[in-house]
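For reference, the structure discussed in these notes is given below.
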Protein chains: 2
Amino acid sequence: MELYGEHGFEHTTVAEIAERAGLTERTFFRHFADKREVLFGGAAELQATLVEGVASAPTGTAPIGCVAAALRAVAPMFEERRAFARQRQAIIAANPDLLERELIKLATLAAATAAALRERGVGEPEASLAAEAAVAVFRIGFERWITAPDGGPELAQVMDGLFGSLSATVAAAEPASAPIGAAGGSTAARGRRRESRTRPASPAASDSPATM
Amino acid sequence: MELYGEHGFEHTTVAEIAERAGLTERTFFRHFADKREVLFGGAAELQATLVEGVASAPTGTAPIGCVAAALRAVAPMFEERRAFARQRQAIIAANPDLLERELIKLATLAAATAAALRERGVGEPEASLAAEAAVAVFRIGFERWITAPDGGPELAQVMDGLFGSLSATVAAAEPASAPIGAAGGSTAARGRRRESRTRPASPAASDSPATM
């Protein structure tokens, strides 16, 4: 990570990494397929924890509750490693190939999460929507968490807050996104949301099964 | 598109494309930087239409209403081209490099949409959450639309239905994703949703501003 930060990812060789770490190149390759894997080696564990979190949510938990529980299970994997996460994110942001790899990782996480929900009997499009919501909360939450000063809220709290904000933001879409009230920020959106609770359920909610 | 379908994207050369289209290679390169651009040439127009749709939503429209309106503006770009969209999707799904490019396109769309919302005065995390919701609805809606038989609902209708489903799915997260009722499908989620309307607003919704 030091070398990637000092010289850039492209200009760091496996030989240099091995030397800095006091290892042979052969030992490096016993742990990592290539130098990208130093940054993405945790992806499999992350996905396994997420899928396991969805699978082990109590029977009867709503799809969004399953993914929220799964993200709560994932958060401790990062809590102790905020400095590492910051370094990693900066390296990835500076390199288009790594950014592609990161996007693939997130898309793969979403697909695995949706599959885990279907495994529980959740239908479509609910499984895919809940999975996409989870990955959006993870991505945005992670970014907010690493840019916040140390001592701020923990990753799990940040993500929990984002589920609340997402619910308020998305609920304002009904009925049929008619313009009401003032533009903008969260307070207005929450105001509209509370307002929308007094209305009957939107007919739009029953449209989608026809497209399955 | 025919050649990509017949021989695969990797095994099609610009010379072959030019020949099939009755053009010189030089003319091809006047229109496309490379053979990938045949598949992604519409990305700039798509993004411009989406951003313009957000910007031109009436004053006072909620963030999610802005993105829903923008997607409604985008839908006609595809309606007449379902066969092309199907071919394109199959080619992209078969090629990891193209899939990466597609993911980057979608991430770029989300970033541009969030920026257009902030331009309207929408704060964070609402702008990013509404933008991610829009891209999720676009991606899932597009896939459902191209896999549905011809004569089914139009893309705009499919996406409108998904905003309703997303709202129902995400709302079930409150309060704090406690397990209630039966597992699974949309009917249960909608039932819980209506139920949740009788409760006071979740305290979780006010957590996120502390992380900004």
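Residues in the structure tokens are numbered from 1 in each chain, the chains being A, B, ... in the order shown, and ligands are numbered from 1 in the order shown.
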
Expected answer as a VMD selection string: alpha helix (DSSP H) residues in chain A: chain A and resid 2 to 7 14 to 21 25 to 31 37 to 40 43 to 55 63 to 74 76 to 79 82 to 93 96 to 119 126 to 147 155 to 171 186 to 196

Distance query Ala75 of chain A at most 9 Å, only C-alpha atoms, self and fewer than 6 positions along chain excluded, as a PDB file with all heavy atoms, in the first residue's frame:
ATOM      1  N   GLU A 154     -19.545   5.123  13.338  1.00  0.00           N
ATOM      2  CA  GLU A 154     -18.996   3.903  12.758  1.00  0.00           C
ATOM      3  C   GLU A 154     -19.694   3.577  11.442  1.00  0.00           C
ATOM      4  O   GLU A 154     -20.803   4.053  11.190  1.00  0.00           O
ATOM      5  CB  GLU A 154     -19.170   2.746  13.751  1.00  0.00           C
ATOM      6  CG  GLU A 154     -18.343   2.981  14.992  1.00  0.00           C
ATOM      7  CD  GLU A 154     -18.298   1.759  15.909  1.00  0.00           C
ATOM      8  OE1 GLU A 154     -19.089   0.823  15.665  1.00  0.00           O
ATOM      9  OE2 GLU A 154     -17.474   1.755  16.826  1.00  0.00           O
ATOM     10  N   LEU A 155     -19.037   2.758  10.649  1.00  0.00           N
ATOM     11  CA  LEU A 155     -19.576   2.412   9.329  1.00  0.00           C
ATOM     12  C   LEU A 155     -21.003   1.865   9.423  1.00  0.00           C
ATOM     13  O   LEU A 155     -21.877   2.235   8.628  1.00  0.00           O
ATOM     14  CB  LEU A 155     -18.652   1.395   8.638  1.00  0.00           C
ATOM     15  CG  LEU A 155     -19.088   0.878   7.273  1.00  0.00           C
ATOM     16  CD1 LEU A 155     -19.266   2.013   6.269  1.00  0.00           C
ATOM     17  CD2 LEU A 155     -18.066  -0.129   6.732  1.00  0.00           C
ATOM     18  N   ALA A 156     -21.250   1.001  10.404  1.00  0.00           N
ATOM     19  CA  ALA A 156     -22.588   0.404  10.543  1.00  0.00           C
ATOM     20  C   ALA A 156     -23.646   1.484  10.782  1.00  0.00           C
ATOM     21  O   ALA A 156     -24.739   1.432  10.214  1.00  0.00           O
ATOM     22  CB  ALA A 156     -22.593  -0.607  11.686  1.00  0.00           C
ATOM     23  N   MET A 159     -24.291   3.471   7.556  1.00  0.00           N
ATOM     24  CA  MET A 159     -25.136   2.727   6.620  1.00  0.00           C
ATOM     25  C   MET A 159     -26.580   2.659   7.100  1.00  0.00           C
ATOM     26  O   MET A 159     -27.507   2.805   6.309  1.00  0.00           O
ATOM     27  CB  MET A 159     -24.545   1.331   6.365  1.00  0.00           C
ATOM     28  CG  MET A 159     -23.200   1.398   5.627  1.00  0.00           C
ATOM     29  SD  MET A 159     -22.593  -0.189   4.958  1.00  0.00           S
ATOM     30  CE  MET A 159     -22.412  -1.165   6.450  1.00  0.00           C
TER      31      MET A 159
END

Could you give me, as a CSV table (one decimal) with C-alpha atoms, in the first residue's frame, the residues within 12 Å of segment 42-59 of chain A, counting only C-alpha atoms and dropping anything in the same chain fewer than 6 positions from it?
chain,number,residue,atom,x,y,z
A,31,HIS,CA,-0.8,-15.1,-1.5
A,32,PHE,CA,-1.8,-13.0,-4.5
A,36,ARG,CA,-4.3,-6.0,-8.1
A,65,GLY,CA,-34.2,-6.0,6.5
A,66,CYS,CA,-32.2,-9.0,5.3
A,67,VAL,CA,-29.7,-6.8,3.4
A,68,ALA,CA,-29.5,-4.3,6.2
A,69,ALA,CA,-28.7,-7.1,8.6
A,70,ALA,CA,-26.1,-8.4,6.1
A,71,LEU,CA,-24.4,-5.0,5.9
A,72,ARG,CA,-24.3,-4.8,9.7
A,73,ALA,CA,-22.5,-8.2,9.6
A,74,VAL,CA,-20.1,-6.8,7.0
A,75,ALA,CA,-19.2,-3.5,8.8
A,76,PRO,CA,-16.9,-5.0,11.5
A,77,MET,CA,-14.6,-6.2,8.7
A,78,PHE,CA,-13.7,-2.6,8.0
A,85,ALA,CA,-9.5,1.8,3.5
A,88,ARG,CA,-7.0,1.9,-0.9
A,101,ARG,CA,-12.4,-3.8,-11.2
A,102,GLU,CA,-14.0,-2.1,-8.2
A,103,LEU,CA,-17.2,-1.5,-10.2
A,104,ILE,CA,-17.2,-5.2,-11.2
A,105,LYS,CA,-16.8,-6.2,-7.6
A,106,LEU,CA,-19.8,-4.1,-6.6
A,107,ALA,CA,-21.9,-5.4,-9.5
A,108,THR,CA,-20.9,-9.0,-8.5
A,109,LEU,CA,-21.9,-8.2,-4.9
A,110,ALA,CA,-25.3,-7.0,-6.0
A,111,ALA,CA,-25.9,-10.1,-8.1
A,112,ALA,CA,-24.8,-12.4,-5.3
A,113,THR,CA,-27.1,-10.5,-2.8
A,114,ALA,CA,-30.1,-10.7,-5.2
A,115,ALA,CA,-29.4,-14.5,-5.6
A,116,ALA,CA,-29.3,-15.0,-1.9
A,117,LEU,CA,-32.6,-13.2,-1.5
A,118,ARG,CA,-34.2,-15.3,-4.3
A,119,GLU,CA,-32.9,-18.3,-2.4
A,120,ARG,CA,-35.1,-17.1,0.6
A,121,GLY,CA,-38.1,-17.0,-1.7
A,122,VAL,CA,-38.1,-13.3,-2.5
A,127,ALA,CA,-34.8,-9.1,-4.9
A,130,ALA,CA,-33.2,-4.6,-2.4
A,131,ALA,CA,-29.8,-5.8,-3.6
A,134,ALA,CA,-27.8,-2.5,-0.4
A,135,VAL,CA,-24.9,-1.9,-2.7
A,138,PHE,CA,-22.6,0.3,1.0
B,177,SER,CA,-35.5,-3.8,10.0
B,178,ALA,CA,-37.2,-5.8,12.8
B,179,PRO,CA,-38.6,-9.1,11.5
B,180,ILE,CA,-42.4,-8.9,11.2
B,181,GLY,CA,-44.8,-11.0,9.2
B,182,ALA,CA,-44.1,-13.6,6.6
B,183,ALA,CA,-40.9,-13.7,4.4
B,184,GLY,CA,-40.6,-12.7,0.9

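The spacing separating atom CA of Gly164 of chain A from atom CA of Glu80 of chain A amounts to 24.8 Å.
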
Could you check the closest approach to Gly123 of chain B for each of B:Ala93, B:Ala21, B:Ala62, B:Ile146 and tell me which residue wins, using only C-alpha atoms?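 Ranked by minimum distance to Gly123 of chain B, first place goes to B:Ala62.
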
Glu10 of chain B environment, 12 Å, only C-alpha atoms, sequence neighbours closer than 4 positions dropped, as a count of residues only: 14

Pairwise distance for atom CA of Arg26 of chain B and atom CA of Gln87 of chain B, rounded to one decimal in Å: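 Atom CA of Arg26 of chain B sits 25.4 Å away from atom CA of Gln87 of chain B.
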
Determine, counting only C-alpha atoms, which protein, DNA and RNA residues have an atom within 8 Å of an atom of Arg86 of chain A; residues of the same chain fewer than 4 positions away are not included. Present the result as a PyMOL selection string. chain A and resi 82+90+146-147

Residues from the last selection, all heavy atoms, saved as a JSON list (two decimals), in the first residue's frame:
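Output file part_5.json is given in full below:
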[["chain", "number", "residue", "atom", "x", "y", "z"],
["A", 82, "ARG", "N", -9.83, 1.72, 8.94],
["A", 82, "ARG", "CA", -10.22, 2.93, 8.22],
["A", 82, "ARG", "C", -9.03, 3.53, 7.46],
["A", 82, "ARG", "O", -9.17, 3.96, 6.32],
["A", 82, "ARG", "CB", -10.83, 3.96, 9.19],
["A", 82, "ARG", "CG", -11.14, 5.29, 8.52],
["A", 82, "ARG", "CD", -12.49, 5.90, 8.83],
["A", 82, "ARG", "NE", -12.80, 6.07, 10.22],
["A", 82, "ARG", "CZ", -13.85, 6.80, 10.65],
["A", 82, "ARG", "NH1", -14.63, 7.41, 9.79],
["A", 82, "ARG", "NH2", -14.12, 6.91, 11.92],
["A", 90, "ALA", "N", -7.99, 5.84, -2.39],
["A", 90, "ALA", "CA", -7.24, 6.86, -3.14],
["A", 90, "ALA", "C", -6.50, 6.22, -4.30],
["A", 90, "ALA", "O", -6.44, 6.78, -5.41],
["A", 90, "ALA", "CB", -6.27, 7.57, -2.20],
["A", 146, "ILE", "N", -15.14, 6.92, 5.12],
["A", 146, "ILE", "CA", -13.69, 7.14, 5.02],
["A", 146, "ILE", "C", -13.35, 8.62, 4.88],
["A", 146, "ILE", "O", -12.24, 9.02, 5.20],
["A", 146, "ILE", "CB", -12.99, 6.33, 3.90],
["A", 146, "ILE", "CG1", -13.54, 6.66, 2.53],
["A", 146, "ILE", "CG2", -13.03, 4.84, 4.17],
["A", 146, "ILE", "CD1", -12.72, 6.04, 1.40],
["A", 147, "THR", "N", -14.28, 9.44, 4.42],
["A", 147, "THR", "CA", -13.97, 10.87, 4.32],
["A", 147, "THR", "C", -14.30, 11.62, 5.62],
["A", 147, "THR", "O", -13.85, 12.74, 5.81],
["A", 147, "THR", "CB", -14.72, 11.53, 3.14],
["A", 147, "THR", "OG1", -16.10, 11.21, 3.22],
["A", 147, "THR", "CG2", -14.18, 11.05, 1.81]]

Show me, as a PDB file with N, CA, C and O atoms, in the first residue's frame, the residues that have an atom within 9 Å of Val170 of chain B when counting only C-alpha atoms, minus same-chain residues fewer than 2 positions from it.
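Saved result, out.pdb, follows:
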ATOM      1  N   PRO A  63     -37.154  -8.324   2.726  1.00  0.00           N
ATOM      2  CA  PRO A  63     -35.925  -8.322   1.919  1.00  0.00           C
ATOM      3  C   PRO A  63     -34.954  -7.203   2.306  1.00  0.00           C
ATOM      4  O   PRO A  63     -33.762  -7.439   2.470  1.00  0.00           O
ATOM      5  N   ILE A  64     -35.480  -6.008   2.501  1.00  0.00           N
ATOM      6  CA  ILE A  64     -34.596  -4.881   2.826  1.00  0.00           C
ATOM      7  C   ILE A  64     -34.003  -5.058   4.225  1.00  0.00           C
ATOM      8  O   ILE A  64     -32.857  -4.660   4.486  1.00  0.00           O
ATOM      9  N   GLY A  65     -34.752  -5.690   5.121  1.00  0.00           N
ATOM     10  CA  GLY A  65     -34.244  -6.002   6.457  1.00  0.00           C
ATOM     11  C   GLY A  65     -33.116  -7.018   6.387  1.00  0.00           C
ATOM     12  O   GLY A  65     -32.140  -6.940   7.133  1.00  0.00           O
ATOM     13  N   LEU A 129     -34.008  -5.136  -6.576  1.00  0.00           N
ATOM     14  CA  LEU A 129     -34.099  -3.773  -6.053  1.00  0.00           C
ATOM     15  C   LEU A 129     -33.487  -3.676  -4.659  1.00  0.00           C
ATOM     16  O   LEU A 129     -32.742  -2.738  -4.362  1.00  0.00           O
ATOM     17  N   ALA A 130     -33.784  -4.642  -3.798  1.00  0.00           N
ATOM     18  CA  ALA A 130     -33.212  -4.626  -2.446  1.00  0.00           C
ATOM     19  C   ALA A 130     -31.692  -4.779  -2.518  1.00  0.00           C
ATOM     20  O   ALA A 130     -30.948  -4.128  -1.772  1.00  0.00           O
ATOM     21  N   ALA A 133     -30.207  -1.544  -3.704  1.00  0.00           N
ATOM     22  CA  ALA A 133     -30.279  -0.576  -2.606  1.00  0.00           C
ATOM     23  C   ALA A 133     -29.145  -0.823  -1.616  1.00  0.00           C
ATOM     24  O   ALA A 133     -28.484   0.105  -1.144  1.00  0.00           O
ATOM     25  N   PHE A 163     -29.985   3.958   5.048  1.00  0.00           N
ATOM     26  CA  PHE A 163     -31.224   3.223   4.746  1.00  0.00           C
ATOM     27  C   PHE A 163     -32.435   4.109   5.068  1.00  0.00           C
ATOM     28  O   PHE A 163     -33.411   4.133   4.319  1.00  0.00           O
ATOM     29  N   GLY A 164     -32.348   4.840   6.174  1.00  0.00           N
ATOM     30  CA  GLY A 164     -33.432   5.761   6.525  1.00  0.00           C
ATOM     31  C   GLY A 164     -33.583   6.862   5.483  1.00  0.00           C
ATOM     32  O   GLY A 164     -34.697   7.159   5.030  1.00  0.00           O
ATOM     33  N   LEU A 166     -32.588   6.794   2.385  1.00  0.00           N
ATOM     34  CA  LEU A 166     -33.023   6.212   1.105  1.00  0.00           C
ATOM     35  C   LEU A 166     -34.535   6.011   1.108  1.00  0.00           C
ATOM     36  O   LEU A 166     -35.227   6.338   0.137  1.00  0.00           O
ATOM     37  N   SER A 167     -35.037   5.497   2.213  1.00  0.00           N
ATOM     38  CA  SER A 167     -36.465   5.269   2.329  1.00  0.00           C
ATOM     39  C   SER A 167     -37.231   6.588   2.178  1.00  0.00           C
ATOM     40  O   SER A 167     -38.220   6.668   1.449  1.00  0.00           O
ATOM     41  N   VAL A 170     -36.845   7.887  -1.567  1.00  0.00           N
ATOM     42  CA  VAL A 170     -37.590   7.120  -2.562  1.00  0.00           C
ATOM     43  C   VAL A 170     -39.100   7.253  -2.354  1.00  0.00           C
ATOM     44  O   VAL A 170     -39.872   7.286  -3.312  1.00  0.00           O
ATOM     45  N   ALA A 171     -39.534   7.353  -1.092  1.00  0.00           N
ATOM     46  CA  ALA A 171     -40.962   7.455  -0.799  1.00  0.00           C
ATOM     47  C   ALA A 171     -41.561   8.718  -1.397  1.00  0.00           C
ATOM     48  O   ALA A 171     -42.736   8.750  -1.748  1.00  0.00           O
TER      49      ALA A 171
ATOM     50  N   SER B 165     -42.213  -0.227  -6.853  1.00  0.00           N
ATOM     51  CA  SER B 165     -41.707  -1.417  -6.151  1.00  0.00           C
ATOM     52  C   SER B 165     -40.533  -1.058  -5.243  1.00  0.00           C
ATOM     53  O   SER B 165     -40.405  -1.589  -4.142  1.00  0.00           O
ATOM     54  N   LEU B 166     -39.667  -0.170  -5.737  1.00  0.00           N
ATOM     55  CA  LEU B 166     -38.503   0.226  -4.943  1.00  0.00           C
ATOM     56  C   LEU B 166     -38.953   0.917  -3.659  1.00  0.00           C
ATOM     57  O   LEU B 166     -38.446   0.628  -2.571  1.00  0.00           O
ATOM     58  N   SER B 167     -39.919   1.814  -3.800  1.00  0.00           N
ATOM     59  CA  SER B 167     -40.438   2.526  -2.640  1.00  0.00           C
ATOM     60  C   SER B 167     -41.016   1.544  -1.617  1.00  0.00           C
ATOM     61  O   SER B 167     -40.729   1.632  -0.420  1.00  0.00           O
ATOM     62  N   ALA B 168     -41.780   0.570  -2.093  1.00  0.00           N
ATOM     63  CA  ALA B 168     -42.370  -0.431  -1.195  1.00  0.00           C
ATOM     64  C   ALA B 168     -41.278  -1.292  -0.553  1.00  0.00           C
ATOM     65  O   ALA B 168     -41.322  -1.582   0.638  1.00  0.00           O
ATOM     66  N   ALA B 172     -39.983  -1.004   3.793  1.00  0.00           N
ATOM     67  CA  ALA B 172     -40.108  -2.112   4.737  1.00  0.00           C
ATOM     68  C   ALA B 172     -38.925  -2.180   5.698  1.00  0.00           C
ATOM     69  O   ALA B 172     -38.941  -2.947   6.647  1.00  0.00           O
ATOM     70  N   ALA B 173     -37.893  -1.354   5.454  1.00  0.00           N
ATOM     71  CA  ALA B 173     -36.706  -1.350   6.317  1.00  0.00           C
ATOM     72  C   ALA B 173     -37.013  -0.791   7.692  1.00  0.00           C
ATOM     73  O   ALA B 173     -36.330  -1.081   8.655  1.00  0.00           O
ATOM     74  N   GLU B 174     -38.049   0.023   7.809  1.00  0.00           N
ATOM     75  CA  GLU B 174     -38.328   0.650   9.091  1.00  0.00           C
ATOM     76  C   GLU B 174     -39.395  -0.145   9.837  1.00  0.00           C
ATOM     77  O   GLU B 174     -40.272  -0.709   9.210  1.00  0.00           O
ATOM     78  N   ALA B 189     -44.339  -7.290   1.452  1.00  0.00           N
ATOM     79  CA  ALA B 189     -43.630  -6.027   1.616  1.00  0.00           C
ATOM     80  C   ALA B 189     -44.604  -4.862   1.611  1.00  0.00           C
ATOM     81  O   ALA B 189     -44.497  -3.940   2.401  1.00  0.00           O
ATOM     82  N   ARG B 193     -45.563  -2.212   4.527  1.00  0.00           N
ATOM     83  CA  ARG B 193     -45.395  -0.807   4.239  1.00  0.00           C
ATOM     84  C   ARG B 193     -46.571  -0.002   4.750  1.00  0.00           C
ATOM     85  O   ARG B 193     -46.433   1.009   5.418  1.00  0.00           O
TER      86      ARG B 193
END

Of the listed residues B:Ala18, B:Val137, B:Gly60, B:Val38, that which approaches chain A most closely, counting only C-alpha atoms: B:Gly60

Which is closer to Leu162 of chain A than all the others in B:Glu124, B:Glu16, B:Phe9, B:Glu25, using only C-alpha atoms?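 Looking only at the distances to Leu162 of chain A, the closest residue turns out to be B:Glu124.
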